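Visitor: Got a structure for you, coords_29.csv, holding CSV, C-alpha atoms and all ligand atoms.
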chain,number,residue,atom,x,y,z
T,1,MET,CA,198.0,257.4,113.6
T,2,ASN,CA,199.7,255.6,110.8
T,3,LYS,CA,197.9,254.6,107.6
T,4,ASN,CA,199.2,251.1,107.7
T,5,ILE,CA,195.8,249.4,107.9
T,6,ALA,CA,197.1,245.9,107.8
T,7,ALA,CA,199.5,246.5,110.7
T,8,ASN,CA,196.7,248.2,112.7
T,9,ILE,CA,194.5,245.2,112.2
T,10,ASP,CA,197.3,242.8,113.4
T,11,GLU,CA,197.8,244.9,116.5
T,12,ILE,CA,194.1,244.9,117.3
T,13,LYS,CA,193.9,241.2,116.8
T,14,LYS,CA,196.7,240.8,119.3
T,15,ARG,CA,194.9,243.0,121.8
T,16,ILE,CA,191.7,241.0,121.3
T,17,ALA,CA,193.5,237.8,122.1
T,18,LEU,CA,195.1,239.2,125.2
T,19,SER,CA,191.7,240.5,126.5
T,20,ALA,CA,190.1,237.2,125.8
T,21,ALA,CA,192.9,235.4,127.6
T,22,ARG,CA,192.4,237.7,130.6
T,23,ALA,CA,188.8,236.8,130.7
T,24,GLY,CA,189.3,233.1,130.1
T,25,ARG,CA,187.5,233.3,126.8
T,26,ASP,CA,188.3,231.7,123.4
T,27,PRO,CA,189.4,234.6,121.1
T,28,GLY,CA,187.6,232.7,118.3
T,29,GLU,CA,184.3,233.8,119.9
T,30,ILE,CA,185.0,237.5,119.2
T,31,LYS,CA,184.4,239.0,115.8
T,32,LEU,CA,186.3,242.1,114.7
T,33,MET,CA,184.1,244.5,112.8
T,34,ALA,CA,185.8,247.3,110.9
T,35,VAL,CA,183.7,250.5,111.0
T,36,THR,CA,184.0,252.4,107.7
T,37,LYS,CA,182.0,255.6,108.1
T,38,THR,CA,183.9,258.4,106.2
T,39,VAL,CA,186.5,255.8,105.1
T,40,ALA,CA,187.2,255.7,101.3
T,41,ALA,CA,186.5,252.4,99.5
T,42,GLY,CA,190.2,252.0,98.7
T,43,HIS,CA,191.0,251.8,102.4
T,44,VAL,CA,188.2,249.4,103.0
T,45,LYS,CA,189.7,247.2,100.3
T,46,GLU,CA,193.0,247.3,102.2
T,47,ALA,CA,191.1,246.0,105.2
T,48,ILE,CA,189.5,243.2,103.1
T,49,ASP,CA,193.0,242.3,101.8
T,50,ALA,CA,194.2,242.1,105.4
T,51,GLY,CA,191.5,239.5,106.2
T,52,ILE,CA,188.6,241.6,107.6
T,53,THR,CA,185.3,240.0,106.6
T,54,LEU,CA,182.8,242.0,108.7
T,55,PHE,CA,182.1,245.7,108.2
T,56,GLY,CA,179.9,248.3,109.8
T,57,GLU,CA,178.4,251.5,108.2
T,58,ASN,CA,176.3,254.2,109.8
T,59,TYR,CA,174.6,255.8,106.7
T,60,VAL,CA,172.7,254.0,104.0
T,61,GLN,CA,173.8,256.2,101.0
T,62,GLU,CA,177.5,256.0,102.0
T,63,ALA,CA,177.2,252.2,102.4
T,64,LYS,CA,175.5,251.8,99.0
T,65,ASP,CA,178.3,253.7,97.2
T,66,LYS,CA,181.0,251.7,98.9
T,67,ILE,CA,179.4,248.2,98.8
T,68,ALA,CA,178.9,248.6,95.0
T,69,THR,CA,182.6,249.0,94.4
T,70,LEU,CA,183.9,246.3,96.8
T,71,GLU,CA,184.0,242.5,96.6
T,72,LYS,CA,180.9,240.6,97.6
T,73,ASN,CA,182.5,238.1,99.9
T,74,VAL,CA,182.2,240.1,103.1
T,75,GLN,CA,179.4,241.0,105.5
T,76,TRP,CA,178.0,244.4,106.1
T,77,HIS,CA,176.1,245.4,109.2
T,78,MET,CA,174.1,248.6,109.6
T,79,ILE,CA,175.1,250.2,112.9
T,80,GLY,CA,173.8,253.8,112.6
T,81,HIS,CA,170.4,255.2,113.5
T,82,LEU,CA,168.0,254.1,110.8
T,83,GLN,CA,164.9,255.9,109.5
T,84,THR,CA,162.1,253.6,108.9
T,85,ASN,CA,161.7,254.7,105.3
T,86,LYS,CA,165.2,253.6,104.5
T,87,SER,CA,164.4,249.9,105.3
T,88,LYS,CA,163.7,249.1,101.6
T,89,TYR,CA,167.4,249.8,100.7
T,90,VAL,CA,168.7,248.2,103.9
T,91,VAL,CA,167.5,244.7,103.2
T,92,HIS,CA,169.5,244.6,99.9
T,93,LEU,CA,172.7,246.0,101.3
T,94,PHE,CA,173.1,244.6,104.8
T,95,ASN,CA,173.3,241.1,106.4
T,96,CYS,CA,172.3,242.5,109.7
T,97,VAL,CA,170.8,245.7,111.2
T,98,GLN,CA,172.4,246.3,114.7
T,99,SER,CA,170.4,249.4,115.5
T,100,VAL,CA,166.8,248.2,115.7
T,101,ASP,CA,165.1,249.9,118.6
T,102,ARG,CA,161.4,250.1,117.9
T,103,MET,CA,158.5,248.0,116.6
T,104,GLU,CA,157.7,250.3,113.7
T,105,LEU,CA,161.3,249.8,112.3
T,106,ALA,CA,161.2,246.0,112.9
T,107,GLN,CA,157.8,245.7,111.1
T,108,GLU,CA,159.1,247.6,108.1
T,109,LEU,CA,162.3,245.6,107.9
T,110,ASP,CA,160.3,242.4,108.2
T,111,LYS,CA,158.0,243.5,105.4
T,112,ARG,CA,160.8,244.6,103.1
T,113,ALA,CA,162.7,241.4,103.7
T,114,ARG,CA,159.6,239.4,102.9
T,115,LEU,CA,159.1,241.3,99.7
T,116,ALA,CA,162.7,240.7,98.7
T,117,GLY,CA,162.5,237.0,99.6
T,118,TYR,CA,165.1,237.3,102.4
T,119,LYS,CA,165.4,237.0,106.1
T,120,ILE,CA,167.5,239.7,107.8
T,121,ASP,CA,169.3,239.4,111.1
T,122,VAL,CA,168.8,242.1,113.6
T,123,LEU,CA,170.3,243.1,117.0
T,124,ILE,CA,168.3,245.2,119.4
T,125,GLU,CA,170.1,248.5,120.3
T,126,VAL,CA,169.7,249.1,124.0
T,127,ASN,CA,170.2,252.6,125.6
T,128,VAL,CA,171.6,251.2,128.8
T,129,SER,CA,172.7,254.6,130.2
T,130,GLY,CA,169.3,256.3,129.6
T,131,GLU,CA,171.0,259.3,128.0
T,132,GLN,CA,168.3,261.2,126.2
T,133,THR,CA,170.3,262.0,123.1
T,134,LYS,CA,171.0,258.3,122.4
T,135,SER,CA,169.0,256.0,120.2
T,136,GLY,CA,168.2,252.6,121.5
T,137,ILE,CA,165.3,251.1,123.5
T,138,ALA,CA,165.4,251.8,127.3
T,139,ALA,CA,166.8,248.8,129.2
T,140,PRO,CA,163.6,248.0,131.1
T,141,ASP,CA,161.6,247.9,127.9
T,142,ALA,CA,164.0,245.6,126.0
T,143,ILE,CA,162.4,242.3,126.9
T,144,ASN,CA,158.9,243.4,125.8
T,145,LEU,CA,160.2,244.7,122.5
T,146,VAL,CA,162.0,241.4,121.8
T,147,LYS,CA,158.8,239.5,122.6
T,148,GLN,CA,156.9,241.6,120.0
T,149,PHE,CA,159.6,240.9,117.4
T,150,SER,CA,159.3,237.2,117.9
T,151,ALA,CA,156.1,237.2,115.7
T,152,LEU,CA,157.9,238.8,112.7
T,153,GLU,CA,159.0,235.9,110.5
T,154,ASN,CA,161.4,237.6,108.2
T,155,ILE,CA,163.7,239.1,110.8
T,156,SER,CA,165.9,237.0,113.1
T,157,VAL,CA,166.8,238.5,116.5
T,158,ARG,CA,170.4,237.5,117.1
T,159,GLY,CA,171.4,239.6,120.2
T,160,LEU,CA,172.0,243.0,121.6
T,161,MET,CA,174.1,246.1,120.8
T,162,THR,CA,174.9,249.1,122.9
T,163,MET,CA,177.0,252.3,122.9
T,164,PRO,CA,177.9,253.6,126.3
T,165,PRO,CA,178.2,257.4,127.0
T,166,PHE,CA,181.4,259.0,125.7
T,167,SER,CA,184.3,258.9,128.1
T,168,ASP,CA,188.0,258.9,127.8
T,169,ASN,CA,188.3,256.3,130.6
T,170,PRO,CA,187.5,252.8,129.2
T,171,GLU,CA,186.6,251.7,132.7
T,172,ASP,CA,183.6,254.0,132.7
T,173,SER,CA,182.1,251.8,130.0
T,174,ARG,CA,182.3,248.6,132.1
T,175,PRO,CA,179.0,248.9,134.0
T,176,TYR,CA,177.1,249.5,130.8
T,177,PHE,CA,178.7,246.5,129.1
T,178,ARG,CA,178.0,244.4,132.2
T,179,ALA,CA,174.3,245.6,132.2
T,180,LEU,CA,173.9,244.7,128.5
T,181,LYS,CA,175.2,241.2,129.2
T,182,GLU,CA,172.7,240.9,132.1
T,183,ILE,CA,169.8,242.0,129.9
T,184,SER,CA,170.9,239.4,127.3
T,185,ARG,CA,170.9,236.7,130.0
T,186,GLN,CA,167.4,237.6,131.2
T,187,ILE,CA,166.1,237.5,127.6
T,188,SER,CA,167.7,234.1,127.0
T,189,GLU,CA,166.1,232.7,130.1
T,190,THR,CA,162.7,233.9,128.9
T,191,ARG,CA,163.1,231.5,125.9
T,192,ILE,CA,161.2,233.6,123.4
T,193,PRO,CA,160.5,231.6,120.2
T,194,HIS,CA,162.7,232.5,117.2
T,195,VAL,CA,164.9,234.7,119.4
T,196,MET,CA,168.6,234.0,119.8
T,197,MET,CA,170.9,235.9,122.2
T,198,ASP,CA,174.2,234.8,120.8
T,199,GLU,CA,175.6,238.2,119.9
T,200,LEU,CA,176.7,241.0,122.1
T,201,SER,CA,177.9,243.9,120.0
T,202,MET,CA,179.8,246.3,122.3
T,203,GLY,CA,183.2,248.0,122.5
T,204,MET,CA,184.8,250.5,120.1
T,205,THR,CA,188.4,251.8,119.7
T,206,ASP,CA,188.7,253.2,123.2
T,207,ASP,CA,187.0,250.5,125.2
T,208,PHE,CA,186.9,247.2,123.3
T,209,GLU,CA,189.2,245.4,125.7
T,210,VAL,CA,186.9,246.1,128.6
T,211,ALA,CA,183.9,245.0,126.4
T,212,ILE,CA,185.6,241.7,125.7
T,213,GLU,CA,186.2,241.1,129.4
T,214,GLU,CA,182.5,241.7,129.9
T,215,GLY,CA,181.4,239.3,127.1
T,216,ALA,CA,181.4,241.1,123.8
T,217,THR,CA,181.1,238.8,120.7
T,218,ILE,CA,181.4,241.7,118.2
T,219,VAL,CA,183.7,244.7,118.7
T,220,ARG,CA,183.2,247.6,116.3
T,221,ILE,CA,186.5,249.3,115.6
T,222,GLY,CA,186.9,252.4,113.3
T,223,ARG,CA,189.7,254.8,114.3
T,224,ALA,CA,192.2,252.1,115.6
T,225,ILE,CA,192.1,250.6,112.1
T,226,PHE,CA,191.7,253.5,109.7
T,227,GLY,CA,193.0,256.5,111.7
T,228,GLU,CA,191.2,259.5,113.1
T,229,ARG,CA,188.1,260.6,111.1
T,230,LYS,CA,188.2,264.1,109.6
N,1,LIG,C1,181.7,255.2,114.7
N,1,LIG,C2,181.1,254.0,115.4
N,1,LIG,C3,182.0,253.0,115.9
N,1,LIG,C4,183.5,253.0,115.8
N,1,LIG,O1,184.0,253.9,116.6
N,1,LIG,P1,185.6,254.1,116.8
N,1,LIG,O2,185.7,254.9,118.0
N,1,LIG,O3,186.1,254.8,115.6
N,1,LIG,O4,186.2,252.8,116.9
N,1,LIG,C5,181.3,251.9,116.5
N,1,LIG,N1,180.0,251.8,116.6
N,1,LIG,C6,179.2,252.8,116.2
N,1,LIG,C7,177.7,252.6,116.4
N,1,LIG,C8,179.7,253.9,115.6
N,1,LIG,O5,178.9,254.9,115.1
Show me this structure written as structure tokens.
Ligand SMILES: *Cc1c(COP(=O)(O)O)cnc(C)c1O

Guide:
Amino acid sequence: MNKNIAANIDEIKKRIALSAARAGRDPGEIKLMAVTKTVAAGHVKEAIDAGITLFGENYVQEAKDKIATLEKNVQWHMIGHLQTNKSKYVVHLFNCVQSVDRMELAQELDKRARLAGYKIDVLIEVNVSGEQTKSGIAAPDAINLVKQFSALENISVRGLMTMPPFSDNPEDSRPYFRALKEISRQISETRIPHVMMDELSMGMTDDFEVAIEEGATIVRIGRAIFGERK
């Protein structure tokens, strides 16, 4: 994998446009997130210079170090499993937490956002496959969790996120992406106050094209931009 980050980004944007066209979608609906876990700040800066404005990090400490050295005009989303006691740092670092999967975490984020005088966006992480090792709320419980979040005034639910089981065949991810979209549709129909279902965060380096065909609005790409992780 070459280190030419700008060229990689151009290539991915072309592939996003082609997938969108195949699905009859406007490519402007799809946001490209660059996932920067283990990536040095200098390489993140190259991605910023190449026009990326949305970044994802998995670990709070790593994000803190990087965000401090980089320009402020970009958005950061937390995409990794989050311990509740890290919420107090998270509200200052991230615009959105995509990995919210339990009431205890949502309550703590709401409290920390209130104390900081912010509102923070969240996505609900859904474990569509039911794999025991995965974080995320079980699919049948997602609606009830979102209903509970509706009462929390300092978090705004914007949509759903998922990670399908690992596979080297992107087609294996399709049923999980389709299921997430269906859960999102069901939640929308329920019309829960203060809950929006505009975002579907799904698709990574190996399966983002399938995710776009199934309705992704945020694709989270690490390796195809920055190369293989060590
Ligand atoms: C690492 C990671 C990604 C990016 O994965 P790639 O295969 O490098 O594109 C996306 N989402 C989450 C939650 C991740 O942890």

Visitor: Sorted by chain and rising residue number, list the residues of chain T at most 10 Å from ligand LIG 1 (chain N) (counting only C-alpha atoms and all ligand atoms), each with its closest atom pair and distance in Å to one decimal, as a tab-separated table.

Guide:
residue	atom	partner	partner_atom	distance
T:Met33	CA	N:LIG1	C5	8.7
T:Ala34	CA	N:LIG1	C4	7.9
T:Val35	CA	N:LIG1	C4	5.4
T:Thr36	CA	N:LIG1	C1	7.9
T:Lys37	CA	N:LIG1	C1	6.6
T:Thr38	CA	N:LIG1	C1	9.3
T:Gly56	CA	N:LIG1	N1	7.6
T:Glu57	CA	N:LIG1	O5	7.7
T:Asn58	CA	N:LIG1	O5	5.9
T:Tyr59	CA	N:LIG1	O5	9.5
T:Met78	CA	N:LIG1	C7	8.7
T:Ile79	CA	N:LIG1	C7	5.0
T:Gly80	CA	N:LIG1	C7	5.6
T:His81	CA	N:LIG1	C7	8.3
T:Gln98	CA	N:LIG1	C7	8.4
T:Ser99	CA	N:LIG1	C7	8.0
T:Glu125	CA	N:LIG1	C7	9.5
T:Met161	CA	N:LIG1	C7	8.6
T:Thr162	CA	N:LIG1	C7	7.9
T:Met163	CA	N:LIG1	C7	6.5
T:Pro164	CA	N:LIG1	C7	10.0
T:Phe166	CA	N:LIG1	O2	9.7
T:Ser201	CA	N:LIG1	N1	8.9
T:Met202	CA	N:LIG1	N1	7.9
T:Gly203	CA	N:LIG1	C5	7.4
T:Met204	CA	N:LIG1	O4	4.2
T:Thr205	CA	N:LIG1	O4	3.7
T:Asp206	CA	N:LIG1	O2	6.2
T:Asp207	CA	N:LIG1	O2	8.5
T:Phe208	CA	N:LIG1	O4	8.5
T:Val219	CA	N:LIG1	C5	7.9
T:Arg220	CA	N:LIG1	C5	4.7
T:Ile221	CA	N:LIG1	O4	3.7
T:Gly222	CA	N:LIG1	O3	3.4
T:Arg223	CA	N:LIG1	O3	3.8
T:Ala224	CA	N:LIG1	O4	6.2
T:Ile225	CA	N:LIG1	O4	7.9
T:Phe226	CA	N:LIG1	O3	8.2
T:Gly227	CA	N:LIG1	O3	8.1
T:Glu228	CA	N:LIG1	O3	7.4
T:Arg229	CA	N:LIG1	O3	7.6

Visitor: For Phe177 in chain T, list every protein, DNA or RNA residue within 7 Å, evaluated using all atoms listed in the file, and leave out those in the same chain fewer than 4 positions away; present the list as an mmCIF file with C-alpha atoms, in the frame of the given file.

Guide:
data_model
loop_
_atom_site.group_PDB
_atom_site.id
_atom_site.type_symbol
_atom_site.label_atom_id
_atom_site.label_comp_id
_atom_site.auth_asym_id
_atom_site.auth_seq_id
_atom_site.Cartn_x
_atom_site.Cartn_y
_atom_site.Cartn_z
ATOM 1 C CA SER T 173 182.100 251.800 130.000
ATOM 2 C CA LYS T 181 175.200 241.200 129.200
ATOM 3 C CA MET T 202 179.800 246.300 122.300
ATOM 4 C CA ALA T 211 183.900 245.000 126.400
ATOM 5 C CA GLU T 214 182.500 241.700 129.900
#

Visitor: Could you check which of T:Val90, T:Ile30, T:Val39, T:Leu160 is closest to Lys64 in chain T, using all atoms listed in the file?

Guide: T:Val90

Visitor: How close does range 101-171 of chain T get to range 186-193 of chain T? List, as a tab-separated table, each residue of range 101-171 of chain T within 12 Å, its nearest atom pair and the distance in Å to one decimal, counting all atoms listed in the file.

Guide:
residue	atom	partner	partner_atom	distance
T:Ile124	CA	T:Ile187	CA	11.5
T:Ala139	CA	T:Gln186	CA	11.4
T:Pro140	CA	T:Gln186	CA	11.1
T:Asp141	CA	T:Ile187	CA	11.3
T:Ala142	CA	T:Ile187	CA	8.5
T:Ile143	CA	T:Ile187	CA	6.1
T:Asn144	CA	T:Ile187	CA	9.5
T:Leu145	CA	T:Ile187	CA	10.6
T:Val146	CA	T:Ile192	CA	8.0
T:Lys147	CA	T:Ile192	CA	6.4
T:Gln148	CA	T:Ile192	CA	9.7
T:Phe149	CA	T:Ile192	CA	9.6
T:Ser150	CA	T:Pro193	CA	6.2
T:Ala151	CA	T:Pro193	CA	8.4
T:Leu152	CA	T:Pro193	CA	10.7
T:Glu153	CA	T:Pro193	CA	10.7
T:Ser156	CA	T:Pro193	CA	10.4
T:Val157	CA	T:Pro193	CA	10.0
T:Arg158	CA	T:Ser188	CA	10.8
T:Gly159	CA	T:Ile187	CA	9.3
T:Leu160	CA	T:Ile187	CA	10.1

Visitor: Residues near Arg15 in chain T, anyone? I mean within 9 Å using all atoms listed in the file, not counting same-chain ones fewer than 5 positions away, as a ChimeraX atom specification.

Guide: /T:10,20,209

Visitor: Under the rule that only C-alpha atoms are counted, which of T:Lys31, T:Lys72, T:Ile155, T:Val44 is the nearest residue to Arg112 in chain T?

Guide: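 Looking only at the distances to Arg112 in chain T, the closest residue turns out to be T:Ile155.
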
Visitor: Could you check the closest approach to Ala63 in chain T for each of T:Thr84, T:Leu18, T:Tyr89, T:Val128 and tell me which residue wins, using all atoms listed in the file?

Guide: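 Selected residue with least distance to Ala63 in chain T: T:Tyr89.
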
Visitor: My list of candidates is T:Arg25, T:His194, T:Lys88, T:Arg174. Which is closest to Tyr118 in chain T when distances are computed with only C-alpha atoms?

Guide: T:Lys88

Visitor: Between T:Ala47, T:Leu123, T:Ile9, T:Leu105, which residue has the minimum interatomic distance to His77 in chain T, considering only C-alpha atoms?

Guide: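 With only C-alpha atoms as the atom set, the closest residue is T:Leu123.
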
Visitor: Which value, in Å to one decimal, gives the distance between CA of Ala116 in chain T and CA of Asp198 in chain T?

Guide: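 Result for CA of Ala116 in chain T versus CA of Asp198 in chain T: 25.6 Å, one decimal.
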
Visitor: Report, in Å to a single decimal, how far apart CA of Gly136 in chain T and CA of Lys111 in chain T are.

Guide: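 Separation between CA of Lys111 in chain T and CA of Gly136 in chain T: 21.1 Å.
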
Visitor: In Å, rounded to a single decimal, give me how far CA of Trp76 in chain T is from CA of Ser19 in chain T.

Guide: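 About the pair CA of Ser19 in chain T and CA of Trp76 in chain T: they are 24.9 Å apart.
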
Visitor: Pick the closest to Leu70 in chain T from T:Ala40, T:Ala50, T:Cys96, T:Leu82: which is it, counting only C-alpha atoms?

Guide: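 So, comparing all the options, the nearest one is T:Ala40.
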
Visitor: Show me, as a ChimeraX atom specification, the residues that have an atom within 12 Å of Leu115 in chain T when counting all atoms listed in the file, minus same-chain residues fewer than 6 positions from it.

Guide: /T:87-89,91-92,108-109,154

Visitor: Could you give me, as a PDB file with C-alpha atoms, keeping the file's coordinate frame, the residues within 6 Å of Ile137 in chain T, counting all atoms listed in the file and dropping anything in the same chain fewer than 2 positions from it?

Guide:
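Saved to selection26.pdb:
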ATOM      1  CA  ASP T 101     165.100 249.900 118.600  1.00  0.00           C
ATOM      2  CA  VAL T 126     169.700 249.100 124.000  1.00  0.00           C
ATOM      3  CA  ASN T 127     170.200 252.600 125.600  1.00  0.00           C
TER       4      ASN T 127
END
